[in-house]
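Quick look at final_17.pdb (PDB, N, CA and C atoms):
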ATOM      1  N   MET A   1       0.846  -1.179   0.000
ATOM      2  CA  MET A   1       0.000   0.000   0.000
ATOM      3  C   MET A   1       0.892   1.244   0.000
ATOM      4  N   PRO A   2       0.884   2.017  -1.070
ATOM      5  CA  PRO A   2       1.743   3.205  -1.132
ATOM      6  C   PRO A   2       1.207   4.328  -0.241
ATOM      7  N   TYR A   3       2.108   5.209   0.110
ATOM      8  CA  TYR A   3       1.716   6.377   0.899
ATOM      9  C   TYR A   3       0.825   7.279   0.051
ATOM     10  N   LYS A   4      -0.214   7.830   0.668
ATOM     11  CA  LYS A   4      -1.112   8.742  -0.038
ATOM     12  C   LYS A   4      -0.930  10.180   0.417
ATOM     13  N   LYS A   5      -0.362  10.346   1.616
ATOM     14  CA  LYS A   5      -0.142  11.683   2.159
ATOM     15  C   LYS A   5       1.229  11.738   2.813
ATOM     16  N   ILE A   6       1.932  12.828   2.572
ATOM     17  CA  ILE A   6       3.252  13.042   3.159
ATOM     18  C   ILE A   6       3.219  14.397   3.854
ATOM     19  N   LEU A   7       3.712  14.433   5.079
ATOM     20  CA  LEU A   7       3.761  15.666   5.861
ATOM     21  C   LEU A   7       5.204  15.920   6.269
ATOM     22  N   ILE A   8       5.690  17.122   6.008
ATOM     23  CA  ILE A   8       7.033  17.484   6.450
ATOM     24  C   ILE A   8       6.943  18.703   7.370
ATOM     25  N   ALA A   9       7.780  18.704   8.389
ATOM     26  CA  ALA A   9       7.861  19.826   9.327
ATOM     27  C   ALA A   9       9.085  20.659   8.969
ATOM     28  N   LEU A  10       8.924  21.951   8.923
ATOM     29  CA  LEU A  10       9.999  22.842   8.503
ATOM     30  C   LEU A  10      10.337  23.864   9.575
ATOM     31  N   GLU A  11      11.619  24.224   9.622
ATOM     32  CA  GLU A  11      12.090  25.292  10.501
ATOM     33  C   GLU A  11      12.377  26.558   9.702
ATOM     34  N   CYS A  12      12.248  26.474   8.405
ATOM     35  CA  CYS A  12      12.527  27.592   7.493
ATOM     36  C   CYS A  12      13.990  28.013   7.548
ATOM     37  N   THR A  13      14.873  27.032   7.391
ATOM     38  CA  THR A  13      16.304  27.303   7.306
ATOM     39  C   THR A  13      16.796  26.881   5.929
ATOM     40  N   ASP A  14      17.966  27.366   5.556
ATOM     41  CA  ASP A  14      18.537  27.013   4.259
ATOM     42  C   ASP A  14      18.869  25.528   4.163
ATOM     43  N   ASP A  15      19.062  24.874   5.299
ATOM     44  CA  ASP A  15      19.430  23.460   5.309
ATOM     45  C   ASP A  15      18.298  22.552   4.852
ATOM     46  N   GLU A  16      17.107  23.070   4.712
ATOM     47  CA  GLU A  16      15.951  22.237   4.397
ATOM     48  C   GLU A  16      15.697  22.063   2.905
ATOM     49  N   ASN A  17      16.469  22.699   2.068
ATOM     50  CA  ASN A  17      16.219  22.606   0.634
ATOM     51  C   ASN A  17      16.212  21.168   0.144
ATOM     52  N   ASN A  18      17.166  20.353   0.588
ATOM     53  CA  ASN A  18      17.208  18.955   0.157
ATOM     54  C   ASN A  18      15.993  18.180   0.643
ATOM     55  N   VAL A  19      15.544  18.468   1.858
ATOM     56  CA  VAL A  19      14.361  17.796   2.407
ATOM     57  C   VAL A  19      13.138  18.129   1.566
ATOM     58  N   ILE A  20      12.984  19.397   1.236
ATOM     59  CA  ILE A  20      11.835  19.830   0.441
ATOM     60  C   ILE A  20      11.879  19.203  -0.947
ATOM     61  N   GLU A  21      13.035  19.243  -1.585
ATOM     62  CA  GLU A  21      13.167  18.666  -2.923
ATOM     63  C   GLU A  21      12.867  17.172  -2.919
ATOM     64  N   GLU A  22      13.367  16.454  -1.930
ATOM     65  CA  GLU A  22      13.121  15.011  -1.844
ATOM     66  C   GLU A  22      11.650  14.725  -1.568
ATOM     67  N   ALA A  23      11.024  15.518  -0.727
ATOM     68  CA  ALA A  23       9.599  15.334  -0.437
ATOM     69  C   ALA A  23       8.762  15.561  -1.693
ATOM     70  N   ILE A  24       9.102  16.571  -2.468
ATOM     71  CA  ILE A  24       8.393  16.834  -3.725
ATOM     72  C   ILE A  24       8.581  15.672  -4.687
ATOM     73  N   ARG A  25       9.819  15.179  -4.797
ATOM     74  CA  ARG A  25      10.094  14.051  -5.689
ATOM     75  C   ARG A  25       9.314  12.818  -5.265
ATOM     76  N   LEU A  26       9.350  12.510  -3.975
ATOM     77  CA  LEU A  26       8.666  11.331  -3.463
ATOM     78  C   LEU A  26       7.154  11.443  -3.650
ATOM     79  N   ALA A  27       6.598  12.606  -3.361
ATOM     80  CA  ALA A  27       5.158  12.803  -3.539
ATOM     81  C   ALA A  27       4.766  12.623  -5.002
ATOM     82  N   GLY A  28       5.598  13.112  -5.909
ATOM     83  CA  GLY A  28       5.318  12.940  -7.334
ATOM     84  C   GLY A  28       5.385  11.486  -7.758
ATOM     85  N   THR A  29       6.394  10.779  -7.280
ATOM     86  CA  THR A  29       6.555   9.361  -7.612
ATOM     87  C   THR A  29       5.384   8.535  -7.106
ATOM     88  N   LEU A  30       4.923   8.830  -5.905
ATOM     89  CA  LEU A  30       3.840   8.062  -5.284
ATOM     90  C   LEU A  30       2.459   8.625  -5.597
ATOM     91  N   ASN A  31       2.419   9.740  -6.327
ATOM     92  CA  ASN A  31       1.161  10.433  -6.588
ATOM     93  C   ASN A  31       0.453  10.741  -5.267
ATOM     94  N   ALA A  32       1.220  11.222  -4.303
ATOM     95  CA  ALA A  32       0.718  11.492  -2.954
ATOM     96  C   ALA A  32       0.551  12.993  -2.744
ATOM     97  N   ASP A  33      -0.313  13.338  -1.819
ATOM     98  CA  ASP A  33      -0.458  14.732  -1.401
ATOM     99  C   ASP A  33       0.720  15.083  -0.499
ATOM    100  N   LEU A  34       1.235  16.288  -0.661
ATOM    101  CA  LEU A  34       2.345  16.759   0.162
ATOM    102  C   LEU A  34       1.902  17.989   0.938
ATOM    103  N   SER A  35       2.110  17.948   2.241
ATOM    104  CA  SER A  35       1.812  19.091   3.106
ATOM    105  C   SER A  35       3.053  19.408   3.922
ATOM    106  N   ALA A  36       3.237  20.681   4.186
ATOM    107  CA  ALA A  36       4.350  21.121   5.026
ATOM    108  C   ALA A  36       3.794  22.068   6.073
ATOM    109  N   PHE A  37       4.429  22.063   7.235
ATOM    110  CA  PHE A  37       4.003  23.011   8.251
ATOM    111  C   PHE A  37       5.198  23.571   8.990
ATOM    112  N   HIS A  38       4.986  24.771   9.492
ATOM    113  CA  HIS A  38       5.994  25.466  10.279
ATOM    114  C   HIS A  38       5.268  26.123  11.435
ATOM    115  N   VAL A  39       5.733  25.876  12.635
ATOM    116  CA  VAL A  39       5.139  26.480  13.817
ATOM    117  C   VAL A  39       6.105  27.521  14.345
ATOM    118  N   ASN A  40       5.619  28.713  14.519
ATOM    119  CA  ASN A  40       6.438  29.793  15.048
ATOM    120  C   ASN A  40       5.828  30.236  16.364
ATOM    121  N   ASP A  41       6.510  29.970  17.447
ATOM    122  CA  ASP A  41       6.051  30.384  18.769
ATOM    123  C   ASP A  41       6.711  31.711  19.101
ATOM    124  N   PRO A  42       5.957  32.806  19.051
ATOM    125  CA  PRO A  42       6.571  34.108  19.302
ATOM    126  C   PRO A  42       7.175  34.234  20.696
ATOM    127  N   ALA A  43       6.726  33.428  21.638
ATOM    128  CA  ALA A  43       7.259  33.499  22.998
ATOM    129  C   ALA A  43       8.525  32.668  23.171
ATOM    130  N   ALA A  44       8.846  31.844  22.201
ATOM    131  CA  ALA A  44      10.033  30.994  22.317
ATOM    132  C   ALA A  44      11.281  31.867  22.420
ATOM    133  N   GLY A  45      12.112  31.543  23.364
ATOM    134  CA  GLY A  45      13.359  32.266  23.536
ATOM    135  C   GLY A  45      13.254  33.499  24.413
ATOM    136  N   LYS A  46      12.043  33.896  24.751
ATOM    137  CA  LYS A  46      11.890  35.047  25.637
ATOM    138  C   LYS A  46      12.029  34.597  27.084
ATOM    139  N   ALA A  47      12.512  35.478  27.898
ATOM    140  CA  ALA A  47      12.668  35.170  29.322
ATOM    141  C   ALA A  47      11.294  35.017  29.963
ATOM    142  N   HIS A  48      11.197  34.050  30.843
ATOM    143  CA  HIS A  48       9.959  33.828  31.588
ATOM    144  C   HIS A  48      10.130  34.481  32.945
ATOM    145  N   ASP A  49       9.405  35.555  33.169
ATOM    146  CA  ASP A  49       9.522  36.245  34.448
ATOM    147  C   ASP A  49       8.152  36.737  34.883
ATOM    148  N   ASP A  50       7.464  35.893  35.640
ATOM    149  CA  ASP A  50       6.169  36.296  36.185
ATOM    150  C   ASP A  50       6.255  36.487  37.695
ATOM    151  N   GLY A  51       7.494  36.553  38.213
ATOM    152  CA  GLY A  51       7.683  36.733  39.637
ATOM    153  C   GLY A  51       7.671  35.440  40.421
ATOM    154  N   GLN A  52       7.368  34.339  39.761
ATOM    155  CA  GLN A  52       7.321  33.034  40.418
ATOM    156  C   GLN A  52       8.657  32.319  40.211
ATOM    157  N   PRO A  53       9.075  31.521  41.188
ATOM    158  CA  PRO A  53      10.317  30.758  40.983
ATOM    159  C   PRO A  53      10.125  29.711  39.895
ATOM    160  N   ALA A  54      11.206  29.387  39.240
ATOM    161  CA  ALA A  54      11.159  28.353  38.209
ATOM    162  C   ALA A  54      10.790  27.023  38.840
ATOM    163  N   PRO A  55      10.111  26.149  38.097
ATOM    164  CA  PRO A  55       9.769  24.831  38.645
ATOM    165  C   PRO A  55      11.017  24.104  39.133
ATOM    166  N   GLY A  56      10.904  23.466  40.283
ATOM    167  CA  GLY A  56      12.023  22.718  40.835
ATOM    168  C   GLY A  56      12.981  23.577  41.644
ATOM    169  N   LYS A  57      12.696  24.853  41.774
ATOM    170  CA  LYS A  57      13.587  25.751  42.525
ATOM    171  C   LYS A  57      13.032  25.997  43.902
TER     172      LYS A  57
END

Taking this structure as input, can you express it in the form of structure tokens?
Amino acid sequence: MPYKKILIALECTDDENNVIEEAIRLAGTLNADLSAFHVNDPAAGKAHDDGQPAPGK
């Protein structure tokens, strides 16, 4: 049973070009749907300071 759907997760970096190209090739070969997603958490990397101690502290 061939794959009918392919999902790739992206970070939007230059290193992903080969992943994207291979996913497109594979989807074409298998006649599969290709979906990609990227999640951007705007709070990621920001300091957490709500006045409470960090868990485990």

Name the residues in contact with Lys4 in chain A at a cut-off of 7 Å, using all atoms listed in the file, excluding same-chain residues fewer than 3 positions from it; report them as a PDB file with N, CA and C atoms, in the frame of the given file.
ATOM      1  N   MET A   1       0.846  -1.179   0.000  1.00  0.00           N
ATOM      2  CA  MET A   1       0.000   0.000   0.000  1.00  0.00           C
ATOM      3  C   MET A   1       0.892   1.244   0.000  1.00  0.00           C
ATOM      4  N   LEU A  30       4.923   8.830  -5.905  1.00  0.00           N
ATOM      5  CA  LEU A  30       3.840   8.062  -5.284  1.00  0.00           C
ATOM      6  C   LEU A  30       2.459   8.625  -5.597  1.00  0.00           C
ATOM      7  N   ASN A  31       2.419   9.740  -6.327  1.00  0.00           N
ATOM      8  CA  ASN A  31       1.161  10.433  -6.588  1.00  0.00           C
ATOM      9  C   ASN A  31       0.453  10.741  -5.267  1.00  0.00           C
ATOM     10  N   ALA A  32       1.220  11.222  -4.303  1.00  0.00           N
ATOM     11  CA  ALA A  32       0.718  11.492  -2.954  1.00  0.00           C
ATOM     12  C   ALA A  32       0.551  12.993  -2.744  1.00  0.00           C
ATOM     13  N   ASP A  33      -0.313  13.338  -1.819  1.00  0.00           N
ATOM     14  CA  ASP A  33      -0.458  14.732  -1.401  1.00  0.00           C
ATOM     15  C   ASP A  33       0.720  15.083  -0.499  1.00  0.00           C
ATOM     16  N   LEU A  34       1.235  16.288  -0.661  1.00  0.00           N
ATOM     17  CA  LEU A  34       2.345  16.759   0.162  1.00  0.00           C
ATOM     18  C   LEU A  34       1.902  17.989   0.938  1.00  0.00           C
TER      19      LEU A  34
END

Starting from the PyMOL selection byres (((chain A and resi 8 and name CA) around 10) and name CA), expand the selection into actual residues of this file and give them as JSON, numbers by chain.
{"A": [6, 7, 9, 10, 19, 20, 23, 34, 35, 36, 37, 38]}

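We find atom C of Ala27 in chain A and CA of Pro2 in chain A to be spaced 10.6 Å apart.
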
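The coordinates place CA of Glu16 in chain A at 19.3 Å from CA of Asp41 in chain A.
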
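Reported to one decimal place, the separation of atom N of Pro42 in chain A from atom N of Lys5 in chain A is 29.1 Å.
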
Box dimensions and centre (Å, one decimal) enclosing range 26-35 of chain A, axis-aligned, 5 Å extra per side, as AutoDock Vina command-line options:
--center_x 4.4 --center_y 13.7 --center_z -1.9 --size_x 19.8 --size_y 21.3 --size_z 21.7
